[in-house]
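**Q** query00.tsv is the file, holding TSV, C-alpha atoms:
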```
chain	number	residue	atom	x	y	z
A	24	MET	CA	0.00	0.00	0.00
A	25	THR	CA	1.24	3.47	-0.87
A	26	ILE	CA	0.69	6.32	1.60
A	27	ILE	CA	1.09	9.99	0.63
A	28	LEU	CA	1.30	12.74	3.23
A	29	ASP	CA	-0.39	15.75	1.65
A	30	ASN	CA	-0.01	19.40	2.74
A	31	TYR	CA	2.62	18.80	5.40
A	32	THR	CA	5.44	21.34	5.66
A	33	ILE	CA	8.69	19.88	6.93
A	34	ARG	CA	12.19	21.17	7.57
A	35	LYS	CA	14.93	20.40	5.07
A	36	THR	CA	16.95	18.50	7.65
A	37	GLY	CA	16.70	17.31	11.24
A	38	PRO	CA	14.19	15.24	13.17
A	39	ILE	CA	10.56	15.31	12.09
A	40	GLU	CA	7.67	14.33	14.28
A	41	MET	CA	4.10	13.92	13.02
A	42	LEU	CA	0.94	12.90	14.76
A	43	VAL	CA	-1.88	11.86	12.49
A	44	ARG	CA	-5.04	10.24	13.74
A	45	PHE	CA	-8.04	8.99	11.78
A	46	ASN	CA	-10.46	6.07	11.80
A	47	LEU	CA	-9.88	3.71	8.92
A	48	ASN	CA	-13.46	2.50	8.51
A	49	VAL	CA	-13.18	1.73	4.78
A	50	THR	CA	-10.51	-0.66	3.51
A	51	ALA	CA	-8.61	-0.15	0.27
A	52	GLU	CA	-10.50	-3.09	-1.26
A	53	GLU	CA	-13.89	-1.67	-0.25
A	54	ALA	CA	-13.00	1.72	-1.72
A	55	GLN	CA	-11.83	0.09	-4.96
A	56	ARG	CA	-15.02	-2.00	-5.28
A	57	LYS	CA	-17.20	1.04	-4.57
A	58	VAL	CA	-15.46	3.14	-7.22
A	59	ASP	CA	-15.43	0.25	-9.69
A	60	ARG	CA	-19.21	-0.15	-9.38
A	61	TRP	CA	-19.76	3.60	-9.87
A	62	LEU	CA	-17.47	3.70	-12.92
A	63	LEU	CA	-19.23	0.74	-14.53
A	64	GLU	CA	-22.73	2.11	-13.85
A	65	GLN	CA	-22.20	5.85	-14.40
A	66	VAL	CA	-19.15	6.36	-16.65
A	67	SER	CA	-18.21	3.42	-18.91
A	68	THR	CA	-18.00	-0.36	-18.86
A	69	LEU	CA	-14.49	0.05	-20.32
A	70	ILE	CA	-13.21	1.89	-17.23
A	71	GLY	CA	-12.33	0.11	-14.00
A	72	ALA	CA	-10.89	0.98	-10.60
A	73	GLU	CA	-7.31	0.07	-9.72
A	74	GLU	CA	-5.39	-0.21	-6.43
A	75	PRO	CA	-5.95	2.87	-4.22
A	76	THR	CA	-3.37	5.09	-2.54
A	77	LEU	CA	-3.96	6.39	1.00
A	78	ILE	CA	-3.74	10.19	1.05
A	79	VAL	CA	-3.27	11.68	4.52
A	80	GLY	CA	-3.95	15.40	4.73
A	81	GLU	CA	-6.68	17.72	5.97
A	82	GLN	CA	-9.00	14.88	5.04
A	83	THR	CA	-7.79	11.30	4.75
A	84	VAL	CA	-8.99	9.56	1.60
A	85	TRP	CA	-8.34	6.61	-0.65
A	86	ARG	CA	-7.36	7.96	-4.07
A	87	VAL	CA	-8.59	5.33	-6.52
A	88	PRO	CA	-7.23	5.44	-10.09
A	89	ALA	CA	-9.66	4.84	-12.96
A	90	ALA	CA	-8.09	3.06	-15.96
A	91	ILE	CA	-9.51	2.38	-19.40
A	92	SER	CA	-9.06	-0.85	-21.33
A	93	PHE	CA	-10.32	-1.89	-24.74
A	94	PRO	CA	-11.00	-5.52	-25.73
A	95	SER	CA	-8.83	-5.21	-28.84
A	96	LEU	CA	-6.04	-3.06	-27.33
A	97	GLY	CA	-5.84	-4.01	-23.66
A	98	ARG	CA	-5.15	-1.54	-20.84
A	99	ILE	CA	-4.50	1.96	-22.17
A	100	GLY	CA	-3.90	3.77	-18.88
A	101	VAL	CA	-5.28	5.88	-16.04
A	102	VAL	CA	-7.88	8.44	-17.12
A	103	GLY	CA	-8.73	9.95	-13.73
A	104	THR	CA	-9.13	9.34	-10.02
A	105	VAL	CA	-11.93	9.15	-7.48
A	106	CYS	CA	-11.43	9.92	-3.77
A	107	VAL	CA	-13.21	7.92	-1.08
A	108	ASP	CA	-13.29	9.22	2.51
A	109	VAL	CA	-11.73	6.58	4.77
A	110	GLU	CA	-14.12	7.29	7.63
A	111	SER	CA	-17.50	7.76	5.94
A	112	GLY	CA	-16.98	5.86	2.68
A	113	GLU	CA	-18.40	8.80	0.72
A	114	MET	CA	-17.06	9.33	-2.79
A	115	GLU	CA	-16.14	12.97	-3.36
A	116	ASP	CA	-17.32	15.27	-6.18
A	117	LEU	CA	-18.59	12.53	-8.49
A	118	GLY	CA	-19.93	15.00	-11.05
A	119	LYS	CA	-16.56	16.71	-11.21
A	120	CYS	CA	-14.71	13.36	-11.40
A	121	LYS	CA	-16.91	12.17	-14.26
A	122	ALA	CA	-16.45	15.43	-16.18
A	123	LYS	CA	-12.64	15.27	-15.76
A	124	ILE	CA	-12.55	11.65	-16.93
A	125	GLU	CA	-14.71	12.41	-19.97
A	126	ARG	CA	-12.61	15.47	-20.84
A	127	TYR	CA	-9.38	13.45	-20.53
A	128	LEU	CA	-10.81	10.71	-22.76
A	129	GLU	CA	-11.85	13.24	-25.39
A	130	GLU	CA	-8.64	15.28	-25.36
A	131	GLU	CA	-5.91	12.74	-24.57
A	132	ILE	CA	-7.09	9.21	-25.35
A	133	LYS	CA	-9.42	9.50	-28.36
A	134	PRO	CA	-6.88	11.28	-30.65
A	135	LYS	CA	-4.30	8.52	-30.03
A	136	LEU	CA	-6.55	5.53	-30.72
A	137	PRO	CA	-6.18	3.61	-33.97
A	138	PRO	CA	-9.14	3.67	-36.35
A	139	TYR	CA	-11.85	1.19	-35.45
A	140	LYS	CA	-12.05	-1.81	-37.76
A	141	MET	CA	-15.34	-3.66	-37.91
A	142	ARG	CA	-15.07	-7.40	-37.93
A	143	GLN	CA	-16.55	-9.20	-40.87
A	144	ARG	CA	-19.41	-11.48	-40.04
A	145	LEU	CA	-19.03	-15.11	-40.86
A	146	VAL	CA	-22.07	-16.45	-42.62
```
The structure in this file should be written as C-alpha cells.
**A**
Amino acid sequence: MTIILDNYTIRKTGPIEMLVRFNLNVTAEEAQRKVDRWLLEQVSTLIGAEEPTLIVGEQTVWRVPAAISFPSLGRIGVVGTVCVDVESGEMEDLGKCKAKIERYLEEEIKPKLPPYKMRQRLV
C-alpha cells in the first residue's frame, strides 16, 4: 500500500515528528469496489478501478485510479481518479470526477486511438 502525506510542511533536515489520527473505517478493497461499481454504472464499462493510494492530509482519503481498457487493445492507462473518505466511505465530487474523466478521454485518449475496424461477419 502506498501512503502519501499531503499538505505537510517539513524542515529540510533534522528530526521530524508527526501525529496523524483517523479512523480507517473503509478498507482499500472496499473503496476500490465502490469506485469500480460507480465507474461501470455511471461512466463506462471500459473503465475500471485500480489499487488505491492512502492520502493523509486535511482529510484522509483513498485515491482510486480509474483506468480504461479496450478488448482489442488491452489496458491503455489511467484516465482519472476518485477519492473515497476513509471514515464515511463517501465518494467525493462525483460530477466533477466524471467530467474530468470524460474530458481526458476526449482530449488525450481519443486522438491517439487507432481507427476502429469492424469485424466481418461469418455467414
**Q** Let me make sure I understand: among A:Ile132, A:Ala72, A:Leu77, A:Ala89, which one has the smallest atom-to-atom distance to A:Thr25 if we use only C-alpha atoms?
**A**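 The answer is A:Leu77, which sits nearest to A:Thr25.
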**Q** In Å, how far is it from atom CA of A:Lys140 to atom CA of A:Ser95?
**A** 10.1 Å
**Q** Rank A:Val49, A:Ile70, A:Leu62, A:Ile39 by their smallest atom-to-atom distance to A:Gly100, using all atoms listed in the file, and report the top residue only.
**A**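 Result for the nearest residue to A:Gly100: A:Ile70.
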**Q** Go ahead and compute the interatomic distance for atom CA of A:Glu73 and atom CA of A:Thr50, in Å to one decimal.
**A**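 Interatomic distance, atom CA of A:Glu73 to atom CA of A:Thr50: 13.6 Å.
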**Q** I'd like the neighbourhood of A:Glu110 as a PyMOL selection string, where a residue qualifies if any of its atoms comes within 9 Å (using all atoms listed in the file), though same-chain residues fewer than 3 positions away should be ignored.
**A** chain A and resi 45-49+83-84+107+113
**Q** One decimal, Å: what's the distance from atom CA of A:Thr76 over to atom CA of A:Lys123, could you say?
**A**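 It comes out at 19.1 Å.
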**Q** With all atoms listed in the file as the counted atoms, please give the residues lying no more than 8 Å from stretch 51-54 of chain A, apart from itself and same-chain residues fewer than 4 positions off, as a count of residues only.
**A** 8
**Q** Around (-18.3, 1.1, -17.5), as given in the file, which residues come within 12 Å? Count all atoms listed in the file and list them as a list of chain:residue names.
**A**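 Those residues, ordered by chain and then number, are A:Val58, A:Asp59, A:Arg60, A:Trp61, A:Leu62, A:Leu63, A:Glu64, A:Gln65, A:Val66, A:Ser67, A:Thr68, A:Leu69, A:Ile70, A:Gly71, A:Ala72, A:Ala89, A:Ala90, A:Ile91, A:Ser92, A:Phe93, A:Lys121.
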**Q** Now that the selection is made, can you save its residues with C-alpha atoms as a compact mmCIF listing (two decimals), in the coordinates of the input?
**A**
```
# COMPACT_ATOMS: atom_id res chain seq x y z
CA VAL A 58 -15.46 3.14 -7.22
CA ASP A 59 -15.43 0.25 -9.69
CA ARG A 60 -19.21 -0.15 -9.38
CA TRP A 61 -19.76 3.60 -9.87
CA LEU A 62 -17.47 3.70 -12.92
CA LEU A 63 -19.23 0.74 -14.53
CA GLU A 64 -22.73 2.11 -13.85
CA GLN A 65 -22.20 5.85 -14.40
CA VAL A 66 -19.15 6.36 -16.65
CA SER A 67 -18.21 3.42 -18.91
CA THR A 68 -18.00 -0.36 -18.86
CA LEU A 69 -14.49 0.05 -20.32
CA ILE A 70 -13.21 1.89 -17.23
CA GLY A 71 -12.33 0.11 -14.00
CA ALA A 72 -10.89 0.98 -10.60
CA ALA A 89 -9.66 4.84 -12.96
CA ALA A 90 -8.09 3.06 -15.96
CA ILE A 91 -9.51 2.38 -19.40
CA SER A 92 -9.06 -0.85 -21.33
CA PHE A 93 -10.32 -1.89 -24.74
CA LYS A 121 -16.91 12.17 -14.26
```
**Q** Using all atoms listed in the file, which of the listed residues (A:Glu129, A:Arg86, A:Lys57, A:Thr104) sits closest to A:Met24?
**A** A:Arg86
**Q** With all atoms listed in the file counted, which protein, DNA or RNA residues have an atom no more than 12 Å from (-5.6, 16.2, 2.2) in the file frame? Please answer as a list in words.
**A**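 Selection result: Ile26, Ile27, Leu28, Asp29, Asn30, Tyr31, Val43, Leu77, Ile78, Val79, Gly80, Glu81, Gln82, Thr83, Val84, Trp85, Arg86, Cys106, Val107, Asp108 and Val109 of chain A.
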**Q** For A:Pro137, which residue among A:Leu96, A:Ile33, A:Val102, A:Glu125 is the nearest when counting all atoms listed in the file?
**A**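 Of A:Leu96, A:Ile33, A:Val102, A:Glu125, the one nearest A:Pro137 is A:Leu96, counting all atoms listed in the file.
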**Q** Hey, which of A:Arg34, A:Ala122, A:Met114, A:Glu131 ends up closest to A:Val101? Count only C-alpha atoms.
**A**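 Smallest separation from A:Val101 among the options: A:Glu131.
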